[in-house]
Amino acid sequence: MLKSLLLGMSRTPAMKKAVVAFPLTRRVVNRFVAGETLDDCLRVTRALVAQGLLVSIDYLGEDTTTATQADRVTDTYADLLDRLAAEGLTDSVEVSIKLSALGSLLKGGYEVALDNARVICAQAERVDTSVTVDMEDHTTTDATLRTVRTLREQYPWVGAVLQSMLYRTSTDCGNHADAGSRIRLCKGAYAEPTDVAHKAKSAVDRNYRRCASILLQGEGRPMFATHDDAMIDHVLTEASRLDRPIESYELQMLFGIRSDEQLRLAGLGHPMRVYVPFGTDWYAYFMRRLAERPANVMFLLRALFERPRKKQVQSGF
Ligand SMILES: Cc1cc2nc3c(=O)[nH]c(=O)nc-3n(C[C@H](O)[C@H](O)[C@H](O)COP(=O)(O)OP(=O)(O)OC[C@H]3O[C@@H](n4cnc5c(N)ncnc54)[C@H](O)[C@@H]3O)c2cc1C
């Protein structure tokens with residue numbers, strides 16, 4: 001109930017205006033977002049890499065309504081990739097992109113987003129890193145997978161995300177388990193109707209396990225994006241049963257969530273990638289993080305009603 005309300009709010013412009021304008025919200029946003037600027041993001045990224053973690057950087061934005069805005073997002077990724085190369089970080093850091101940020105919702109948007117994604121992939125190839133295409137709500141799944149297939153003709157290392165909440169995902173996993181494919185398996189963060197998606201956590205989890213096994217039996221490099229111990233245990237048990245070398249798959253988590261566990265798993269030798277978002281357009285991303293865990297709403301409410309303490313106000317916002 002609260003989850004649906006928060007996911008609904010994530011798409012309500014009036015609510016966005018109110019939440020974004022409220023200065024104390026930003027103290028809580030800082031827990032999940034690396035800052036507003038490229039410099040903020042690189043500072044956080046350097047610190048994570050220094051601790052032995054891998055990173056995927058997301059420039060926040062999914063409300064692109066003009067071609068100029070889509071170009072600006074593309075240029076920001078190009079700058080980001082240049083900066084990563086200049087700092088020698090491309091061994092450990094890749095980027096994640098959202099097609100809606102690159103213009104897929106504009107008129108003729110499929111081609112616009114594809115062209116922008118090509119620009120980013122070309123730059124990623126030049127600096128020797130990779131790109132993973134995020135998955136948005138189920139109405140975009142077919143177009144996103146088509147875009148990834150097209151990009152892979154030229155850039156075979158481009159990755160995609162699949163969501164275990166969707167009924168279709170075990171079939172999609174089977175179709176994307178070939179050598180060279182990079183699939184990031186997550187549960188799914190969007191409000192979806194029951195004709196396409198499991199609602200019960202038990203069903204989403206069951207499908208996650210099933211999809212994880214399909215990907216591990218394949219020849220690609222699966223990336224298991226979850227903070228759920230039960231899912232991680234399944235992945236590690238299956239990987240060991242199938243004699244999968246530890247470096248042939250990745251574990252992934254979001255910036256600010258279970259940071260100690262990220263370090264513990266990396267310390268055991270698992271490639272552990274942290275998804276690091278940055279930018280000013282944090283509203284929808286932030287609301288999805290609240291929706292995932294009702295306790296985060298209490299965290300927000302406490303922050304709103306507490307007197308701000310100097311130490312908690314970080315730079316960047
Ligand atoms: C690297 C990465 C990339 C992702 N990309 C996408 C994408 O492209 N498309 C998409 O739809 N979704 C994406 N997601 C989000 C994902 O779909 C889930 O919504 C999110 O990861 C929570 O699911 P979970 O597997 O952690 O399991 P859950 O069952 O939701 O959570 C398990 C446990 O993890 C912890 N936890 C989970 N979420 C939070 C939170 N917000 N705050 C605090 N603790 C939390 C809690 O301890 C919770 O009990 C991505 C997630 C990751 C890690």
# chains A, B, ... in the order shown; residues from 1 in each chain; ligands from 1
$ residues_around --residues "Leu254 in chain A" --least-positions-apart "5" --cutoff "9 Å" --atoms "only C-alpha atoms" --output "ChimeraX atom specification"
/A:32,225-227,259,273-277
$ residues_around --residues "range 59-75 of chain A" --least-positions-apart "5" --cutoff "9 Å" --atoms "only C-alpha atoms" --output "PyMOL selection string"
chain A and resi 38+80+95-106+112-113+116-117+119-120+276-285
$ residues_near_ligand --ligand "ligand 1" --cutoff "6 Å" --atoms "only C-alpha atoms and all ligand atoms" --output "list in words"
Asp134, Met135, Glu136, Val161, Cys186, Lys187, Gly188, Ala189, Tyr190, Ala225, Thr226, His227, Asp228, Gln252, Met253, Leu254, Ile257, Tyr275, Arg289, Leu290, Glu292 and Arg293 of chain A
$ write_last_selection --atoms "N, CA, C and O atoms" --output "PDB file, in the first residue's frame"
ATOM      1  N   ASP A 134      20.003   0.375 -18.301  1.00  0.00           N
ATOM      2  CA  ASP A 134      19.016   0.107 -17.244  1.00  0.00           C
ATOM      3  C   ASP A 134      17.682  -0.294 -17.867  1.00  0.00           C
ATOM      4  O   ASP A 134      17.378   0.065 -19.006  1.00  0.00           O
ATOM      5  N   MET A 135      16.863  -1.011 -17.076  1.00  0.00           N
ATOM      6  CA  MET A 135      15.513  -1.357 -17.546  1.00  0.00           C
ATOM      7  C   MET A 135      14.501  -0.511 -16.786  1.00  0.00           C
ATOM      8  O   MET A 135      14.558  -0.419 -15.559  1.00  0.00           O
ATOM      9  N   GLU A 136      13.582   0.094 -17.537  1.00  0.00           N
ATOM     10  CA  GLU A 136      12.552   0.912 -16.904  1.00  0.00           C
ATOM     11  C   GLU A 136      11.254   0.090 -16.842  1.00  0.00           C
ATOM     12  O   GLU A 136      11.322  -1.130 -16.782  1.00  0.00           O
ATOM     13  N   VAL A 161      19.579  -4.967 -18.388  1.00  0.00           N
ATOM     14  CA  VAL A 161      19.014  -5.347 -17.088  1.00  0.00           C
ATOM     15  C   VAL A 161      17.716  -6.109 -17.316  1.00  0.00           C
ATOM     16  O   VAL A 161      16.923  -5.756 -18.184  1.00  0.00           O
ATOM     17  N   CYS A 186      17.912  -7.998 -11.646  1.00  0.00           N
ATOM     18  CA  CYS A 186      17.409  -7.361 -10.424  1.00  0.00           C
ATOM     19  C   CYS A 186      15.964  -7.804 -10.219  1.00  0.00           C
ATOM     20  O   CYS A 186      15.406  -8.548 -11.032  1.00  0.00           O
ATOM     21  N   LYS A 187      15.337  -7.357  -9.121  1.00  0.00           N
ATOM     22  CA  LYS A 187      13.945  -7.752  -8.892  1.00  0.00           C
ATOM     23  C   LYS A 187      12.981  -6.846  -9.660  1.00  0.00           C
ATOM     24  O   LYS A 187      11.925  -7.281 -10.100  1.00  0.00           O
ATOM     25  N   GLY A 188      13.334  -5.572  -9.810  1.00  0.00           N
ATOM     26  CA  GLY A 188      12.438  -4.623 -10.496  1.00  0.00           C
ATOM     27  C   GLY A 188      11.906  -3.610  -9.508  1.00  0.00           C
ATOM     28  O   GLY A 188      11.463  -3.970  -8.423  1.00  0.00           O
ATOM     29  N   ALA A 189      11.954  -2.328  -9.914  1.00  0.00           N
ATOM     30  CA  ALA A 189      11.645  -1.245  -8.981  1.00  0.00           C
ATOM     31  C   ALA A 189      10.391  -0.462  -9.364  1.00  0.00           C
ATOM     32  O   ALA A 189      10.091   0.544  -8.732  1.00  0.00           O
ATOM     33  N   TYR A 190       9.659  -0.913 -10.393  1.00  0.00           N
ATOM     34  CA  TYR A 190       8.538  -0.104 -10.888  1.00  0.00           C
ATOM     35  C   TYR A 190       7.206  -0.717 -10.475  1.00  0.00           C
ATOM     36  O   TYR A 190       7.117  -1.930 -10.225  1.00  0.00           O
ATOM     37  N   ALA A 225      22.249  -8.161  -9.165  1.00  0.00           N
ATOM     38  CA  ALA A 225      22.018  -6.891  -8.478  1.00  0.00           C
ATOM     39  C   ALA A 225      20.939  -7.089  -7.424  1.00  0.00           C
ATOM     40  O   ALA A 225      19.753  -7.093  -7.733  1.00  0.00           O
ATOM     41  N   THR A 226      21.345  -7.271  -6.196  1.00  0.00           N
ATOM     42  CA  THR A 226      20.394  -7.482  -5.104  1.00  0.00           C
ATOM     43  C   THR A 226      21.086  -7.261  -3.766  1.00  0.00           C
ATOM     44  O   THR A 226      22.294  -7.489  -3.642  1.00  0.00           O
ATOM     45  N   HIS A 227      20.291  -6.823  -2.782  1.00  0.00           N
ATOM     46  CA  HIS A 227      20.818  -6.689  -1.413  1.00  0.00           C
ATOM     47  C   HIS A 227      20.293  -7.810  -0.536  1.00  0.00           C
ATOM     48  O   HIS A 227      20.478  -7.805   0.677  1.00  0.00           O
ATOM     49  N   ASP A 228      19.595  -8.755  -1.152  1.00  0.00           N
ATOM     50  CA  ASP A 228      18.860  -9.773  -0.415  1.00  0.00           C
ATOM     51  C   ASP A 228      19.781 -10.983  -0.149  1.00  0.00           C
ATOM     52  O   ASP A 228      20.201 -11.675  -1.086  1.00  0.00           O
ATOM     53  N   GLN A 252      26.207  -7.079  -7.273  1.00  0.00           N
ATOM     54  CA  GLN A 252      26.065  -5.626  -7.393  1.00  0.00           C
ATOM     55  C   GLN A 252      25.054  -5.102  -6.368  1.00  0.00           C
ATOM     56  O   GLN A 252      24.067  -5.769  -6.066  1.00  0.00           O
ATOM     57  N   MET A 253      25.316  -3.937  -5.852  1.00  0.00           N
ATOM     58  CA  MET A 253      24.377  -3.288  -4.919  1.00  0.00           C
ATOM     59  C   MET A 253      24.344  -1.794  -5.205  1.00  0.00           C
ATOM     60  O   MET A 253      25.187  -1.276  -5.954  1.00  0.00           O
ATOM     61  N   LEU A 254      23.368  -1.115  -4.604  1.00  0.00           N
ATOM     62  CA  LEU A 254      23.226   0.323  -4.815  1.00  0.00           C
ATOM     63  C   LEU A 254      24.046   1.105  -3.784  1.00  0.00           C
ATOM     64  O   LEU A 254      24.187   0.672  -2.629  1.00  0.00           O
ATOM     65  N   ILE A 257      23.355   1.453   0.276  1.00  0.00           N
ATOM     66  CA  ILE A 257      22.558   0.358   0.827  1.00  0.00           C
ATOM     67  C   ILE A 257      23.470  -0.828   1.137  1.00  0.00           C
ATOM     68  O   ILE A 257      24.163  -1.334   0.257  1.00  0.00           O
ATOM     69  N   TYR A 275      26.439   0.612  -7.683  1.00  0.00           N
ATOM     70  CA  TYR A 275      25.762   1.497  -8.642  1.00  0.00           C
ATOM     71  C   TYR A 275      25.693   2.879  -8.002  1.00  0.00           C
ATOM     72  O   TYR A 275      25.062   3.060  -6.962  1.00  0.00           O
ATOM     73  N   ARG A 289      13.740   4.297  -4.048  1.00  0.00           N
ATOM     74  CA  ARG A 289      14.492   3.745  -2.911  1.00  0.00           C
ATOM     75  C   ARG A 289      13.637   3.776  -1.640  1.00  0.00           C
ATOM     76  O   ARG A 289      13.688   2.872  -0.826  1.00  0.00           O
ATOM     77  N   LEU A 290      12.827   4.826  -1.468  1.00  0.00           N
ATOM     78  CA  LEU A 290      11.921   4.865  -0.313  1.00  0.00           C
ATOM     79  C   LEU A 290      10.902   3.743  -0.416  1.00  0.00           C
ATOM     80  O   LEU A 290      10.592   3.070   0.570  1.00  0.00           O
ATOM     81  N   GLU A 292      11.127   0.881  -1.725  1.00  0.00           N
ATOM     82  CA  GLU A 292      11.667  -0.467  -1.509  1.00  0.00           C
ATOM     83  C   GLU A 292      11.694  -0.837  -0.034  1.00  0.00           C
ATOM     84  O   GLU A 292      11.730  -2.002   0.315  1.00  0.00           O
ATOM     85  N   ARG A 293      11.735   0.182   0.817  1.00  0.00           N
ATOM     86  CA  ARG A 293      11.888  -0.140   2.238  1.00  0.00           C
ATOM     87  C   ARG A 293      11.162   0.920   3.064  1.00  0.00           C
ATOM     88  O   ARG A 293      11.673   2.027   3.251  1.00  0.00           O
TER      89      ARG A 293
END
$ atom_distance --atom1 "CA of Arg241 in chain A" --atom2 "CA of Gly267 in chain A"
21.6 Å
$ closest_residue --among "A:Arg152, A:Arg27, A:Arg83, A:Arg118" --to "Thr45 in chain A" --atoms "only C-alpha atoms"
A:Arg83
$ closest_residue --among "A:Ala191, A:Val93, A:Ala124, A:Cys173" --to "Arg288 in chain A" --atoms "only C-alpha atoms"
A:Ala191
$ residues_around --residues "Gly180 in chain A" --least-positions-apart "6" --cutoff "9 Å" --atoms "only C-alpha atoms" --output "list of chain:residue names"
A:Pro156, A:Trp157, A:Glu219, A:Gly220, A:Arg221
$ write_last_selection --atoms "N, CA, C and O atoms" --output "PDB file, in the first residue's frame"
ATOM      1  N   PRO A 156      29.789  -5.488 -28.649  1.00  0.00           N
ATOM      2  CA  PRO A 156      29.244  -6.737 -28.082  1.00  0.00           C
ATOM      3  C   PRO A 156      29.253  -6.792 -26.557  1.00  0.00           C
ATOM      4  O   PRO A 156      28.601  -7.651 -25.969  1.00  0.00           O
ATOM      5  N   TRP A 157      29.948  -5.856 -25.934  1.00  0.00           N
ATOM      6  CA  TRP A 157      30.062  -5.854 -24.472  1.00  0.00           C
ATOM      7  C   TRP A 157      28.933  -5.066 -23.792  1.00  0.00           C
ATOM      8  O   TRP A 157      28.900  -4.965 -22.553  1.00  0.00           O
ATOM      9  N   GLU A 219      26.563 -18.933 -20.847  1.00  0.00           N
ATOM     10  CA  GLU A 219      27.984 -18.649 -21.089  1.00  0.00           C
ATOM     11  C   GLU A 219      28.340 -17.182 -20.922  1.00  0.00           C
ATOM     12  O   GLU A 219      29.449 -16.774 -21.222  1.00  0.00           O
ATOM     13  N   GLY A 220      27.353 -16.382 -20.514  1.00  0.00           N
ATOM     14  CA  GLY A 220      27.609 -14.944 -20.390  1.00  0.00           C
ATOM     15  C   GLY A 220      28.222 -14.587 -19.051  1.00  0.00           C
ATOM     16  O   GLY A 220      28.647 -15.459 -18.290  1.00  0.00           O
ATOM     17  N   ARG A 221      28.277 -13.272 -18.802  1.00  0.00           N
ATOM     18  CA  ARG A 221      28.784 -12.781 -17.514  1.00  0.00           C
ATOM     19  C   ARG A 221      27.602 -12.169 -16.764  1.00  0.00           C
ATOM     20  O   ARG A 221      27.281 -10.992 -16.947  1.00  0.00           O
TER      21      ARG A 221
END
$ residues_around --residues "Ala86 in chain A" --least-positions-apart "4" --cutoff "12 Å" --atoms "only C-alpha atoms" --output "list in words"
Leu42, Asp79, Leu80, Leu81, Asp82, Thr90, Asp91, Val127 and Asp128 of chain A
$ write_last_selection --atoms "N, CA and C atoms" --output "short mmCIF file (atom, residue, chain, number, x, y, z; two decimals), in the first residue's frame"
data_model
loop_
_atom_site.label_atom_id
_atom_site.label_comp_id
_atom_site.auth_asym_id
_atom_site.auth_seq_id
_atom_site.Cartn_x
_atom_site.Cartn_y
_atom_site.Cartn_z
N LEU A 42 32.87 11.74 -8.78
CA LEU A 42 34.23 11.17 -8.90
C LEU A 42 34.88 11.01 -7.53
N ASP A 79 31.73 13.45 -21.08
CA ASP A 79 32.67 14.11 -20.15
C ASP A 79 33.07 13.16 -19.03
N LEU A 80 32.06 12.46 -18.51
CA LEU A 80 32.32 11.52 -17.42
C LEU A 80 33.34 10.46 -17.85
N LEU A 81 33.14 9.91 -19.04
CA LEU A 81 34.04 8.85 -19.52
C LEU A 81 35.45 9.40 -19.71
N ASP A 82 35.55 10.65 -20.21
CA ASP A 82 36.87 11.29 -20.34
C ASP A 82 37.55 11.41 -19.00
N THR A 90 39.08 3.45 -15.50
CA THR A 90 38.18 2.68 -16.36
C THR A 90 38.30 1.15 -16.21
N ASP A 91 39.36 0.70 -15.52
CA ASP A 91 39.43 -0.74 -15.23
C ASP A 91 38.33 -1.16 -14.25
N VAL A 127 37.73 4.54 -24.34
CA VAL A 127 38.45 4.59 -23.05
C VAL A 127 38.49 3.22 -22.38
N ASP A 128 37.99 2.19 -23.11
CA ASP A 128 38.14 0.81 -22.64
C ASP A 128 37.31 0.49 -21.39
#
$ residues_around --residues "Ala18 in chain A" --least-positions-apart "6" --cutoff "12 Å" --atoms "only C-alpha atoms" --output "CSV table (one decimal) with C-alpha atoms, in the first residue's frame"
chain,number,residue,atom,x,y,z
A,9,MET,CA,4.3,9.8,-6.1
A,10,SER,CA,7.5,9.2,-8.0
A,12,THR,CA,3.6,13.0,-9.8
A,24,LEU,CA,15.9,19.0,4.6
A,25,THR,CA,15.0,16.2,2.1
A,283,TYR,CA,13.6,12.7,-7.4
$ select_by_dssp --residues "range 53-240 of chain A" --states "helix (DSSP H, G or I)" --output "ChimeraX atom specification"
/A:67-86,109-126,138-154,169-175,201-217,229-240
$ closest_residue --among "A:Thr76, A:Ser56, A:Gln154, A:Ser130" --to "Val44 in chain A" --atoms "only C-alpha atoms"
A:Ser56
$ closest_residue --among "A:Ser202, A:Thr37, A:Thr132, A:Ser240" --to "Arg182 in chain A" --atoms "only C-alpha atoms"
A:Thr132
$ closest_residue --among "A:Gly256, A:Cys121, A:Ser248, A:Leu54" --to "Glu153 in chain A" --atoms "only C-alpha atoms"
A:Cys121
$ atom_distance --atom1 "CA of Thr144 in chain A" --atom2 "CA of Asp195 in chain A"
19.8 Å
$ closest_residue --among "A:Val133, A:Met223, A:Met165, A:Ala78" --to "Ala177 in chain A" --atoms "only C-alpha atoms"
A:Met223
$ decode --residues "range 48-59 of chain A" --atoms "all heavy atoms" --output "JSON list (two decimals), in the first residue's frame"
[["chain", "number", "residue", "atom", "x", "y", "z"],
["A", 48, "LEU", "N", 35.33, 4.53, -3.32],
["A", 48, "LEU", "CA", 34.84, 3.14, -3.41],
["A", 48, "LEU", "C", 35.90, 2.25, -4.06],
["A", 48, "LEU", "O", 36.17, 1.14, -3.59],
["A", 48, "LEU", "CB", 33.53, 3.10, -4.21],
["A", 48, "LEU", "CG", 32.32, 3.78, -3.53],
["A", 48, "LEU", "CD1", 31.16, 3.90, -4.52],
["A", 48, "LEU", "CD2", 31.87, 2.99, -2.30],
["A", 49, "VAL", "N", 36.50, 2.75, -5.14],
["A", 49, "VAL", "CA", 37.51, 1.94, -5.84],
["A", 49, "VAL", "C", 38.70, 1.68, -4.92],
["A", 49, "VAL", "O", 39.25, 0.57, -4.90],
["A", 49, "VAL", "CB", 37.93, 2.64, -7.16],
["A", 49, "VAL", "CG1", 39.14, 1.96, -7.79],
["A", 49, "VAL", "CG2", 36.76, 2.67, -8.15],
["A", 50, "ALA", "N", 39.06, 2.69, -4.13],
["A", 50, "ALA", "CA", 40.20, 2.52, -3.21],
["A", 50, "ALA", "C", 39.92, 1.42, -2.19],
["A", 50, "ALA", "O", 40.85, 0.84, -1.63],
["A", 50, "ALA", "CB", 40.49, 3.85, -2.50],
["A", 51, "GLN", "N", 38.63, 1.14, -1.96],
["A", 51, "GLN", "CA", 38.28, 0.07, -1.00],
["A", 51, "GLN", "C", 38.11, -1.28, -1.68],
["A", 51, "GLN", "O", 37.60, -2.23, -1.09],
["A", 51, "GLN", "CB", 36.98, 0.44, -0.29],
["A", 51, "GLN", "CG", 37.11, 1.66, 0.62],
["A", 51, "GLN", "CD", 35.77, 2.04, 1.24],
["A", 51, "GLN", "OE1", 35.43, 1.58, 2.32],
["A", 51, "GLN", "NE2", 35.01, 2.85, 0.54],
["A", 52, "GLY", "N", 38.45, -1.36, -2.97],
["A", 52, "GLY", "CA", 38.40, -2.65, -3.66],
["A", 52, "GLY", "C", 37.06, -2.94, -4.33],
["A", 52, "GLY", "O", 36.79, -4.08, -4.71],
["A", 53, "LEU", "N", 36.22, -1.90, -4.47],
["A", 53, "LEU", "CA", 34.92, -2.11, -5.10],
["A", 53, "LEU", "C", 34.95, -1.68, -6.56],
["A", 53, "LEU", "O", 35.75, -0.81, -6.95],
["A", 53, "LEU", "CB", 33.85, -1.29, -4.35],
["A", 53, "LEU", "CG", 33.66, -1.72, -2.89],
["A", 53, "LEU", "CD1", 32.93, -0.64, -2.10],
["A", 53, "LEU", "CD2", 32.89, -3.04, -2.81],
["A", 54, "LEU", "N", 34.10, -2.29, -7.37],
["A", 54, "LEU", "CA", 33.87, -1.84, -8.74],
["A", 54, "LEU", "C", 32.68, -0.88, -8.71],
["A", 54, "LEU", "O", 31.91, -0.89, -7.76],
["A", 54, "LEU", "CB", 33.55, -3.03, -9.64],
["A", 54, "LEU", "CG", 34.58, -4.17, -9.63],
["A", 54, "LEU", "CD1", 34.02, -5.39, -10.33],
["A", 54, "LEU", "CD2", 35.87, -3.69, -10.28],
["A", 55, "VAL", "N", 32.54, -0.07, -9.76],
["A", 55, "VAL", "CA", 31.48, 0.95, -9.75],
["A", 55, "VAL", "C", 30.80, 1.00, -11.11],
["A", 55, "VAL", "O", 31.43, 0.78, -12.15],
["A", 55, "VAL", "CB", 32.10, 2.34, -9.40],
["A", 55, "VAL", "CG1", 31.09, 3.46, -9.62],
["A", 55, "VAL", "CG2", 32.60, 2.36, -7.96],
["A", 56, "SER", "N", 29.48, 1.27, -11.10],
["A", 56, "SER", "CA", 28.78, 1.66, -12.33],
["A", 56, "SER", "C", 28.12, 3.00, -12.05],
["A", 56, "SER", "O", 27.36, 3.13, -11.08],
["A", 56, "SER", "CB", 27.72, 0.61, -12.72],
["A", 56, "SER", "OG", 27.18, 0.94, -13.97],
["A", 57, "ILE", "N", 28.42, 4.00, -12.87],
["A", 57, "ILE", "CA", 27.90, 5.36, -12.60],
["A", 57, "ILE", "C", 26.68, 5.65, -13.46],
["A", 57, "ILE", "O", 26.67, 5.41, -14.66],
["A", 57, "ILE", "CB", 28.99, 6.41, -12.88],
["A", 57, "ILE", "CG1", 30.19, 6.19, -11.95],
["A", 57, "ILE", "CG2", 28.43, 7.82, -12.69],
["A", 57, "ILE", "CD1", 31.33, 7.16, -12.17],
["A", 58, "ASP", "N", 25.66, 6.19, -12.80],
["A", 58, "ASP", "CA", 24.42, 6.57, -13.49],
["A", 58, "ASP", "C", 24.24, 8.08, -13.36],
["A", 58, "ASP", "O", 24.20, 8.60, -12.24],
["A", 58, "ASP", "CB", 23.25, 5.83, -12.80],
["A", 58, "ASP", "CG", 21.89, 6.37, -13.23],
["A", 58, "ASP", "OD1", 21.72, 6.66, -14.43],
["A", 58, "ASP", "OD2", 21.01, 6.49, -12.36],
["A", 59, "TYR", "N", 24.15, 8.78, -14.50],
["A", 59, "TYR", "CA", 23.81, 10.21, -14.46],
["A", 59, "TYR", "C", 22.30, 10.30, -14.40],
["A", 59, "TYR", "O", 21.61, 9.93, -15.34],
["A", 59, "TYR", "CB", 24.39, 10.92, -15.69],
["A", 59, "TYR", "CG", 24.02, 12.39, -15.74],
["A", 59, "TYR", "CD1", 24.24, 13.21, -14.64],
["A", 59, "TYR", "CD2", 23.45, 12.94, -16.87],
["A", 59, "TYR", "CE1", 23.90, 14.56, -14.68],
["A", 59, "TYR", "CE2", 23.11, 14.28, -16.92],
["A", 59, "TYR", "CZ", 23.34, 15.08, -15.81],
["A", 59, "TYR", "OH", 22.98, 16.41, -15.84]]
